[in-house]
Amino acid sequence: MSKKKKSKAFWTKQFYLWHWVSSAICLVSMILFAFTGITLNHAGSIKAKPQTTEKQESLPPNLQEILAFQEGDELDQKKPLPIEVRTWLHDVFGVDLGGRSYEWSEFDIYVDLPRPGGDAWMSLDRETGDVIYEVTNRGFISYINDLHKGRNTGSEWVLFMDIFSVACIIFCLTGLALLWVHARRRPSTWPIVAAGFIIPFLIIVIFVHP
């Protein structure tokens with residue numbers, strides 16, 4: 001076998017390997033993102049009835065004392081909740097507040113808790129110790145749409161989306177390389193590839209206006 005043929009065989013094998021691996025990584029997520037591309041395009045036609053639930057509890061006296069407004073406290077500031085309060089809220093409401101900063105005023109503490117497929121907030125009264133926790137759920141379709149957009153999903157999901165995107169790029173480029181390898185035996189290869197570029201380009205130029 002000539003050196004040129006050996007080189008071509010080596011790269012063809014590599015293209016198949018990387019194409020196979022990247023397709024395995026992309027498979028489930030690609031289906032999810034393709035499906036949510038459709039649901040996002042037709043979001044106005046997909047009816048959803050938000051469901052809101054509200055829970056109320058009172059802080060124990062020792063925690064009320066920790067949060068009570070004291071003379072000299074800075075007003076309208078942002079700072080994390082004390083660890084003791086966060087632990088109690090997690091045990092009672094099942095909410096992980098982490099170490100994020102929240103809005104403290106003289107009278108209450110407002111905690112904004114956005115999430116995929118809904119919203120949530122919590123208010124802690126610094127005078128009475130009353131805690132109100134409200135959650136709004138907009139349904140499964142809204143949830144997966146927010147996953148598609150990376151809306152309120154956290155840094156771990158964003159990192160996964162970045163890895164998934166890289167895998168998709170590898171999948172497409174190795175697919176293009178394999179098309180090039182077999183193009184001689186398949187004359188329609190490049191006209192179809194060109195159509196895949198020209199058709200969306202024409203739609204953008206002709207029909208999509210700023």
# chains A, B, ... in the order shown; residues from 1 in each chain; ligands from 1

$ closest_atom_pairs --of "segment 77-177 of chain A" --to "segment 11-30 of chain A" --cutoff "12 Å" --atoms "only C-alpha atoms" --output "Markdown table"
| residue | atom | partner | partner_atom | distance |
| --- | --- | --- | --- | --- |
| A:Ile144 | CA | A:Ser29 | CA | 11.2 |
| A:Leu147 | CA | A:Ser29 | CA | 10.5 |
| A:His148 | CA | A:Ser29 | CA | 9.7 |
| A:Trp157 | CA | A:Ser29 | CA | 11.9 |
| A:Phe160 | CA | A:Ser29 | CA | 10.0 |
| A:Met161 | CA | A:Ser29 | CA | 9.0 |
| A:Asp162 | CA | A:Cys26 | CA | 11.8 |
| A:Ile163 | CA | A:Ile25 | CA | 9.4 |
| A:Phe164 | CA | A:Cys26 | CA | 6.4 |
| A:Ser165 | CA | A:Cys26 | CA | 8.5 |
| A:Val166 | CA | A:Ser22 | CA | 8.9 |
| A:Ala167 | CA | A:Ser22 | CA | 5.2 |
| A:Cys168 | CA | A:Cys26 | CA | 6.4 |
| A:Ile169 | CA | A:Ser22 | CA | 8.8 |
| A:Ile170 | CA | A:Ser22 | CA | 6.5 |
| A:Phe171 | CA | A:His19 | CA | 5.1 |
| A:Cys172 | CA | A:His19 | CA | 8.0 |
| A:Leu173 | CA | A:His19 | CA | 8.4 |
| A:Thr174 | CA | A:Phe15 | CA | 5.3 |
| A:Gly175 | CA | A:His19 | CA | 6.4 |
| A:Leu176 | CA | A:Phe15 | CA | 9.3 |
| A:Ala177 | CA | A:Phe15 | CA | 6.8 |

$ write_last_selection --atoms "N, CA and C atoms" --output "CSV table (one decimal), in the first residue's frame"
chain,number,residue,atom,x,y,z
A,144,ILE,N,-38.3,22.0,29.9
A,144,ILE,CA,-37.3,21.6,28.9
A,144,ILE,C,-36.9,22.8,28.0
A,147,LEU,N,-34.2,24.5,29.8
A,147,LEU,CA,-33.0,23.7,29.7
A,147,LEU,C,-32.3,24.1,28.3
A,148,HIS,N,-33.1,24.2,27.3
A,148,HIS,CA,-32.6,24.5,26.0
A,148,HIS,C,-31.9,25.8,26.0
A,157,TRP,N,-25.1,22.8,34.5
A,157,TRP,CA,-25.8,22.6,33.2
A,157,TRP,C,-25.2,23.4,32.1
A,160,PHE,N,-22.2,21.6,31.0
A,160,PHE,CA,-22.6,20.4,30.1
A,160,PHE,C,-22.9,20.9,28.7
A,161,MET,N,-23.7,22.0,28.6
A,161,MET,CA,-24.1,22.5,27.3
A,161,MET,C,-22.8,22.9,26.5
A,162,ASP,N,-21.8,23.4,27.1
A,162,ASP,CA,-20.6,23.8,26.4
A,162,ASP,C,-19.9,22.5,25.9
A,163,ILE,N,-19.8,21.5,26.7
A,163,ILE,CA,-19.2,20.2,26.3
A,163,ILE,C,-20.1,19.6,25.2
A,164,PHE,N,-21.4,19.6,25.3
A,164,PHE,CA,-22.3,19.1,24.3
A,164,PHE,C,-22.1,19.8,23.0
A,165,SER,N,-21.9,21.1,23.0
A,165,SER,CA,-21.8,21.9,21.8
A,165,SER,C,-20.5,21.6,21.1
A,166,VAL,N,-19.4,21.4,21.9
A,166,VAL,CA,-18.1,21.0,21.3
A,166,VAL,C,-18.3,19.6,20.6
A,167,ALA,N,-19.0,18.7,21.3
A,167,ALA,CA,-19.2,17.3,20.7
A,167,ALA,C,-20.0,17.4,19.4
A,168,CYS,N,-21.0,18.3,19.4
A,168,CYS,CA,-21.7,18.5,18.1
A,168,CYS,C,-20.9,19.1,17.0
A,169,ILE,N,-20.0,20.0,17.3
A,169,ILE,CA,-19.1,20.5,16.3
A,169,ILE,C,-18.2,19.4,15.8
A,170,ILE,N,-17.6,18.6,16.7
A,170,ILE,CA,-16.8,17.4,16.2
A,170,ILE,C,-17.6,16.5,15.4
A,171,PHE,N,-18.8,16.2,15.8
A,171,PHE,CA,-19.7,15.3,15.0
A,171,PHE,C,-19.9,15.8,13.6
A,172,CYS,N,-20.2,17.1,13.5
A,172,CYS,CA,-20.5,17.7,12.2
A,172,CYS,C,-19.2,17.8,11.3
A,173,LEU,N,-18.1,18.1,11.9
A,173,LEU,CA,-16.8,18.3,11.1
A,173,LEU,C,-16.3,16.9,10.7
A,174,THR,N,-16.4,15.9,11.6
A,174,THR,CA,-16.0,14.5,11.1
A,174,THR,C,-17.0,14.0,10.1
A,175,GLY,N,-18.2,14.3,10.2
A,175,GLY,CA,-19.2,13.9,9.2
A,175,GLY,C,-18.9,14.5,7.9
A,176,LEU,N,-18.5,15.8,7.9
A,176,LEU,CA,-18.1,16.5,6.6
A,176,LEU,C,-16.8,15.8,6.1
A,177,ALA,N,-15.9,15.4,6.9
A,177,ALA,CA,-14.7,14.7,6.5
A,177,ALA,C,-15.0,13.4,5.8

$ residues_around --residues "Glu103 of chain A" --least-positions-apart "3" --cutoff "9 Å" --atoms "only C-alpha atoms" --output "list of chain:residue names"
A:Asp76, A:Gln77, A:Lys78, A:Lys79, A:Pro80, A:Asp108, A:Ile109, A:Tyr110, A:Val111, A:Asp112

$ residues_around --residues "Leu97 of chain A" --least-positions-apart "5" --cutoff "9 Å" --atoms "only C-alpha atoms" --output "list in words"
Pro80, Leu81, Arg86, Thr87, Leu89, His90, Val111 and Leu113 of chain A

$ write_last_selection --atoms "C-alpha atoms" --output "mmCIF file, in the first residue's frame"
data_model
loop_
_atom_site.group_PDB
_atom_site.id
_atom_site.type_symbol
_atom_site.label_atom_id
_atom_site.label_comp_id
_atom_site.auth_asym_id
_atom_site.auth_seq_id
_atom_site.Cartn_x
_atom_site.Cartn_y
_atom_site.Cartn_z
ATOM 1 C CA PRO A 80 -25.848 35.862 52.428
ATOM 2 C CA LEU A 81 -28.146 34.380 55.024
ATOM 3 C CA ARG A 86 -30.046 28.358 55.610
ATOM 4 C CA THR A 87 -29.918 24.953 57.307
ATOM 5 C CA LEU A 89 -34.888 26.622 55.625
ATOM 6 C CA HIS A 90 -33.454 23.598 53.847
ATOM 7 C CA VAL A 111 -34.883 35.786 48.389
ATOM 8 C CA LEU A 113 -35.188 31.750 43.525
#

$ select_by_dssp --residues "segment 70-177 of chain A" --states "alpha helix (DSSP H)" --output "ChimeraX atom specification"
/A:83-93,140-149,155-177

$ write_last_selection --atoms "N, CA and C atoms" --output "compact mmCIF listing (two decimals), in the first residue's frame"
# COMPACT_ATOMS: atom_id res chain seq x y z
N ILE A 83 -25.62 30.69 58.13
CA ILE A 83 -25.66 29.26 57.88
C ILE A 83 -26.75 28.56 58.69
N GLU A 84 -26.99 29.04 59.92
CA GLU A 84 -28.02 28.40 60.75
C GLU A 84 -29.40 28.57 60.13
N VAL A 85 -29.65 29.75 59.56
CA VAL A 85 -30.95 30.01 58.91
C VAL A 85 -31.07 29.20 57.64
N ARG A 86 -30.02 29.13 56.86
CA ARG A 86 -30.05 28.36 55.61
C ARG A 86 -30.32 26.89 55.90
N THR A 87 -29.71 26.36 56.95
CA THR A 87 -29.92 24.95 57.31
C THR A 87 -31.37 24.70 57.69
N TRP A 88 -31.95 25.60 58.49
CA TRP A 88 -33.35 25.44 58.91
C TRP A 88 -34.28 25.53 57.71
N LEU A 89 -34.05 26.47 56.81
CA LEU A 89 -34.89 26.62 55.63
C LEU A 89 -34.80 25.39 54.72
N HIS A 90 -33.62 24.81 54.64
CA HIS A 90 -33.45 23.60 53.85
C HIS A 90 -34.23 22.44 54.46
N ASP A 91 -34.18 22.32 55.78
CA ASP A 91 -34.88 21.23 56.46
C ASP A 91 -36.40 21.39 56.35
N VAL A 92 -36.88 22.61 56.43
CA VAL A 92 -38.34 22.85 56.45
C VAL A 92 -38.93 22.92 55.05
N PHE A 93 -38.26 23.64 54.14
CA PHE A 93 -38.81 23.87 52.80
C PHE A 93 -38.12 23.05 51.70
N PHE A 140 -43.96 20.86 32.20
CA PHE A 140 -42.80 20.14 31.65
C PHE A 140 -42.23 20.81 30.41
N ILE A 141 -43.09 21.28 29.51
CA ILE A 141 -42.60 21.90 28.27
C ILE A 141 -41.81 23.16 28.59
N SER A 142 -42.30 23.95 29.52
CA SER A 142 -41.57 25.15 29.94
C SER A 142 -40.23 24.78 30.56
N TYR A 143 -40.22 23.68 31.29
CA TYR A 143 -38.99 23.22 31.94
C TYR A 143 -37.92 22.86 30.91
N ILE A 144 -38.29 22.04 29.91
CA ILE A 144 -37.29 21.63 28.93
C ILE A 144 -36.92 22.79 28.00
N ASN A 145 -37.85 23.74 27.77
CA ASN A 145 -37.50 24.94 27.00
C ASN A 145 -36.42 25.74 27.72
N ASP A 146 -36.54 25.86 29.03
CA ASP A 146 -35.53 26.59 29.80
C ASP A 146 -34.20 25.84 29.81
N LEU A 147 -34.25 24.50 29.79
CA LEU A 147 -33.01 23.73 29.67
C LEU A 147 -32.33 24.05 28.34
N HIS A 148 -33.12 24.16 27.28
CA HIS A 148 -32.58 24.50 25.96
C HIS A 148 -31.87 25.85 26.00
N LYS A 149 -32.46 26.81 26.68
CA LYS A 149 -31.89 28.16 26.74
C LYS A 149 -30.85 28.34 27.83
N SER A 155 -24.53 26.60 36.93
CA SER A 155 -23.27 26.53 36.19
C SER A 155 -22.97 25.11 35.69
N GLU A 156 -23.43 24.08 36.41
CA GLU A 156 -23.15 22.71 35.98
C GLU A 156 -23.82 22.39 34.64
N TRP A 157 -25.08 22.83 34.50
CA TRP A 157 -25.78 22.58 33.23
C TRP A 157 -25.16 23.40 32.10
N VAL A 158 -24.76 24.62 32.38
CA VAL A 158 -24.10 25.45 31.37
C VAL A 158 -22.80 24.79 30.90
N LEU A 159 -22.04 24.23 31.85
CA LEU A 159 -20.81 23.52 31.48
C LEU A 159 -21.13 22.31 30.60
N PHE A 160 -22.18 21.57 30.97
CA PHE A 160 -22.57 20.43 30.15
C PHE A 160 -22.95 20.88 28.74
N MET A 161 -23.69 21.99 28.62
CA MET A 161 -24.07 22.50 27.31
C MET A 161 -22.85 22.87 26.48
N ASP A 162 -21.83 23.42 27.12
CA ASP A 162 -20.60 23.75 26.40
C ASP A 162 -19.92 22.49 25.87
N ILE A 163 -19.85 21.45 26.73
CA ILE A 163 -19.24 20.18 26.30
C ILE A 163 -20.07 19.56 25.17
N PHE A 164 -21.38 19.60 25.31
CA PHE A 164 -22.28 19.07 24.29
C PHE A 164 -22.10 19.81 22.97
N SER A 165 -21.94 21.13 23.04
CA SER A 165 -21.76 21.93 21.83
C SER A 165 -20.46 21.56 21.11
N VAL A 166 -19.39 21.37 21.89
CA VAL A 166 -18.12 20.95 21.30
C VAL A 166 -18.26 19.60 20.62
N ALA A 167 -18.97 18.67 21.30
CA ALA A 167 -19.19 17.34 20.72
C ALA A 167 -19.98 17.43 19.42
N CYS A 168 -20.95 18.34 19.37
CA CYS A 168 -21.74 18.54 18.14
C CYS A 168 -20.87 19.06 17.01
N ILE A 169 -19.96 19.99 17.33
CA ILE A 169 -19.06 20.52 16.31
C ILE A 169 -18.16 19.42 15.77
N ILE A 170 -17.62 18.58 16.67
CA ILE A 170 -16.79 17.45 16.23
C ILE A 170 -17.60 16.49 15.37
N PHE A 171 -18.82 16.21 15.79
CA PHE A 171 -19.71 15.32 15.04
C PHE A 171 -19.93 15.83 13.62
N CYS A 172 -20.19 17.13 13.49
CA CYS A 172 -20.45 17.72 12.17
C CYS A 172 -19.20 17.75 11.31
N LEU A 173 -18.07 18.15 11.89
CA LEU A 173 -16.84 18.25 11.11
C LEU A 173 -16.34 16.88 10.66
N THR A 174 -16.43 15.88 11.55
CA THR A 174 -16.01 14.53 11.14
C THR A 174 -16.99 13.95 10.12
N GLY A 175 -18.25 14.32 10.23
CA GLY A 175 -19.22 13.91 9.21
C GLY A 175 -18.88 14.52 7.86
N LEU A 176 -18.48 15.81 7.89
CA LEU A 176 -18.07 16.47 6.65
C LEU A 176 -16.82 15.80 6.07
N ALA A 177 -15.89 15.42 6.95
CA ALA A 177 -14.67 14.75 6.50
C ALA A 177 -15.01 13.40 5.85

$ select_by_dssp --residues "segment 5-204 of chain A" --states "strand (DSSP E)" --output "number ranges by chain"
A: 51-58, 77-79, 102-104, 108-112, 118-125, 130-137

$ write_last_selection --atoms "N, CA and C atoms" --output "mmCIF file, in the first residue's frame"
data_model
loop_
_atom_site.group_PDB
_atom_site.id
_atom_site.type_symbol
_atom_site.label_atom_id
_atom_site.label_comp_id
_atom_site.auth_asym_id
_atom_site.auth_seq_id
_atom_site.Cartn_x
_atom_site.Cartn_y
_atom_site.Cartn_z
ATOM 1 N N GLN A 51 -49.045 26.634 37.908
ATOM 2 C CA GLN A 51 -49.550 26.207 39.211
ATOM 3 C C GLN A 51 -48.671 26.816 40.296
ATOM 4 N N THR A 52 -49.312 27.522 41.208
ATOM 5 C CA THR A 52 -48.584 28.218 42.270
ATOM 6 C C THR A 52 -48.939 27.616 43.624
ATOM 7 N N THR A 53 -47.913 27.306 44.375
ATOM 8 C CA THR A 53 -48.114 26.806 45.743
ATOM 9 C C THR A 53 -47.385 27.728 46.717
ATOM 10 N N GLU A 54 -47.971 27.865 47.880
ATOM 11 C CA GLU A 54 -47.385 28.755 48.891
ATOM 12 C C GLU A 54 -47.309 28.033 50.235
ATOM 13 N N LYS A 55 -46.181 28.199 50.902
ATOM 14 C CA LYS A 55 -45.997 27.618 52.232
ATOM 15 C C LYS A 55 -45.608 28.730 53.200
ATOM 16 N N GLN A 56 -46.084 28.600 54.431
ATOM 17 C CA GLN A 56 -45.745 29.591 55.453
ATOM 18 C C GLN A 56 -45.306 28.882 56.732
ATOM 19 N N GLU A 57 -44.256 29.367 57.301
ATOM 20 C CA GLU A 57 -43.750 28.856 58.573
ATOM 21 C C GLU A 57 -43.204 30.039 59.370
ATOM 22 N N SER A 58 -42.858 29.773 60.613
ATOM 23 C CA SER A 58 -42.243 30.804 61.461
ATOM 24 C C SER A 58 -40.885 30.330 61.941
ATOM 25 N N GLN A 77 -29.095 46.431 52.021
ATOM 26 C CA GLN A 77 -27.839 45.797 51.640
ATOM 27 C C GLN A 77 -28.086 44.395 51.085
ATOM 28 N N LYS A 78 -27.059 43.825 50.480
ATOM 29 C CA LYS A 78 -27.128 42.451 49.998
ATOM 30 C C LYS A 78 -26.043 41.647 50.689
ATOM 31 N N LYS A 79 -26.448 40.535 51.290
ATOM 32 C CA LYS A 79 -25.492 39.645 51.932
ATOM 33 C C LYS A 79 -26.113 38.267 52.090
ATOM 34 N N TYR A 102 -28.584 38.119 49.227
ATOM 35 C CA TYR A 102 -29.984 38.469 49.055
ATOM 36 C C TYR A 102 -30.249 39.861 49.609
ATOM 37 N N GLU A 103 -31.418 40.382 49.291
ATOM 38 C CA GLU A 103 -31.778 41.750 49.657
ATOM 39 C C GLU A 103 -32.282 41.814 51.103
ATOM 40 N N TRP A 104 -31.560 42.567 51.909
ATOM 41 C CA TRP A 104 -31.952 42.795 53.297
ATOM 42 C C TRP A 104 -32.450 44.227 53.437
ATOM 43 N N ASP A 108 -37.602 43.149 56.188
ATOM 44 C CA ASP A 108 -37.629 41.766 55.703
ATOM 45 C C ASP A 108 -36.393 41.452 54.869
ATOM 46 N N ILE A 109 -36.307 40.176 54.484
ATOM 47 C CA ILE A 109 -35.260 39.693 53.590
ATOM 48 C C ILE A 109 -35.959 39.017 52.427
ATOM 49 N N TYR A 110 -35.653 39.479 51.224
ATOM 50 C CA TYR A 110 -36.297 38.922 50.035
ATOM 51 C C TYR A 110 -35.301 38.018 49.313
ATOM 52 N N VAL A 111 -35.733 36.786 49.039
ATOM 53 C CA VAL A 111 -34.883 35.786 48.389
ATOM 54 C C VAL A 111 -35.505 35.422 47.044
ATOM 55 N N ASP A 112 -34.814 35.749 45.958
ATOM 56 C CA ASP A 112 -35.288 35.420 44.621
ATOM 57 C C ASP A 112 -34.721 34.061 44.226
ATOM 58 N N GLY A 118 -40.225 27.634 35.777
ATOM 59 C CA GLY A 118 -41.017 28.305 36.802
ATOM 60 C C GLY A 118 -40.230 29.371 37.530
ATOM 61 N N ASP A 119 -40.785 29.799 38.630
ATOM 62 C CA ASP A 119 -40.158 30.816 39.468
ATOM 63 C C ASP A 119 -40.460 30.496 40.927
ATOM 64 N N ALA A 120 -39.687 31.105 41.797
ATOM 65 C CA ALA A 120 -39.937 30.954 43.229
ATOM 66 C C ALA A 120 -39.323 32.143 43.957
ATOM 67 N N TRP A 121 -39.878 32.443 45.099
ATOM 68 C CA TRP A 121 -39.316 33.490 45.943
ATOM 69 C C TRP A 121 -39.636 33.179 47.398
ATOM 70 N N MET A 122 -38.878 33.816 48.260
ATOM 71 C CA MET A 122 -39.081 33.622 49.694
ATOM 72 C C MET A 122 -38.911 34.963 50.392
ATOM 73 N N SER A 123 -39.741 35.187 51.386
ATOM 74 C CA SER A 123 -39.656 36.410 52.177
ATOM 75 C C SER A 123 -39.574 36.051 53.658
ATOM 76 N N LEU A 124 -38.593 36.631 54.340
ATOM 77 C CA LEU A 124 -38.421 36.389 55.774
ATOM 78 C C LEU A 124 -38.658 37.712 56.506
ATOM 79 N N ASP A 125 -39.683 37.738 57.323
ATOM 80 C CA ASP A 125 -40.018 38.942 58.080
ATOM 81 C C ASP A 125 -39.069 39.061 59.274
ATOM 82 N N ASP A 130 -41.938 35.455 60.423
ATOM 83 C CA ASP A 130 -42.756 34.718 59.462
ATOM 84 C C ASP A 130 -41.993 34.524 58.150
ATOM 85 N N VAL A 131 -42.114 33.328 57.588
ATOM 86 C CA VAL A 131 -41.446 32.989 56.326
ATOM 87 C C VAL A 131 -42.506 32.568 55.314
ATOM 88 N N ILE A 132 -42.488 33.200 54.163
ATOM 89 C CA ILE A 132 -43.395 32.841 53.066
ATOM 90 C C ILE A 132 -42.553 32.330 51.906
ATOM 91 N N TYR A 133 -42.913 31.153 51.413
ATOM 92 C CA TYR A 133 -42.204 30.543 50.292
ATOM 93 C C TYR A 133 -43.222 30.222 49.205
ATOM 94 N N GLU A 134 -43.043 30.823 48.024
ATOM 95 C CA GLU A 134 -43.992 30.626 46.924
ATOM 96 C C GLU A 134 -43.268 30.060 45.706
ATOM 97 N N VAL A 135 -43.861 29.031 45.108
ATOM 98 C CA VAL A 135 -43.285 28.369 43.931
ATOM 99 C C VAL A 135 -44.319 28.358 42.814
ATOM 100 N N THR A 136 -43.892 28.753 41.615
ATOM 101 C CA THR A 136 -44.745 28.696 40.429
ATOM 102 C C THR A 136 -44.149 27.701 39.439
ATOM 103 N N ASN A 137 -44.951 26.725 39.028
ATOM 104 C CA ASN A 137 -44.524 25.692 38.080
ATOM 105 C C ASN A 137 -45.307 25.869 36.787
#

$ residues_around --residues "Ala68 of chain A" --least-positions-apart "5" --cutoff "10 Å" --atoms "only C-alpha atoms" --output "PyMOL selection string"
chain A and resi 63+73+106-108+125-129

$ atom_distance --atom1 "atom CA of Gly154 of chain A" --atom2 "atom CA of Arg100 of chain A"
12.6 Å

$ atom_distance --atom1 "atom CA of Val181 of chain A" --atom2 "atom CA of Lys5 of chain A"
11.8 Å
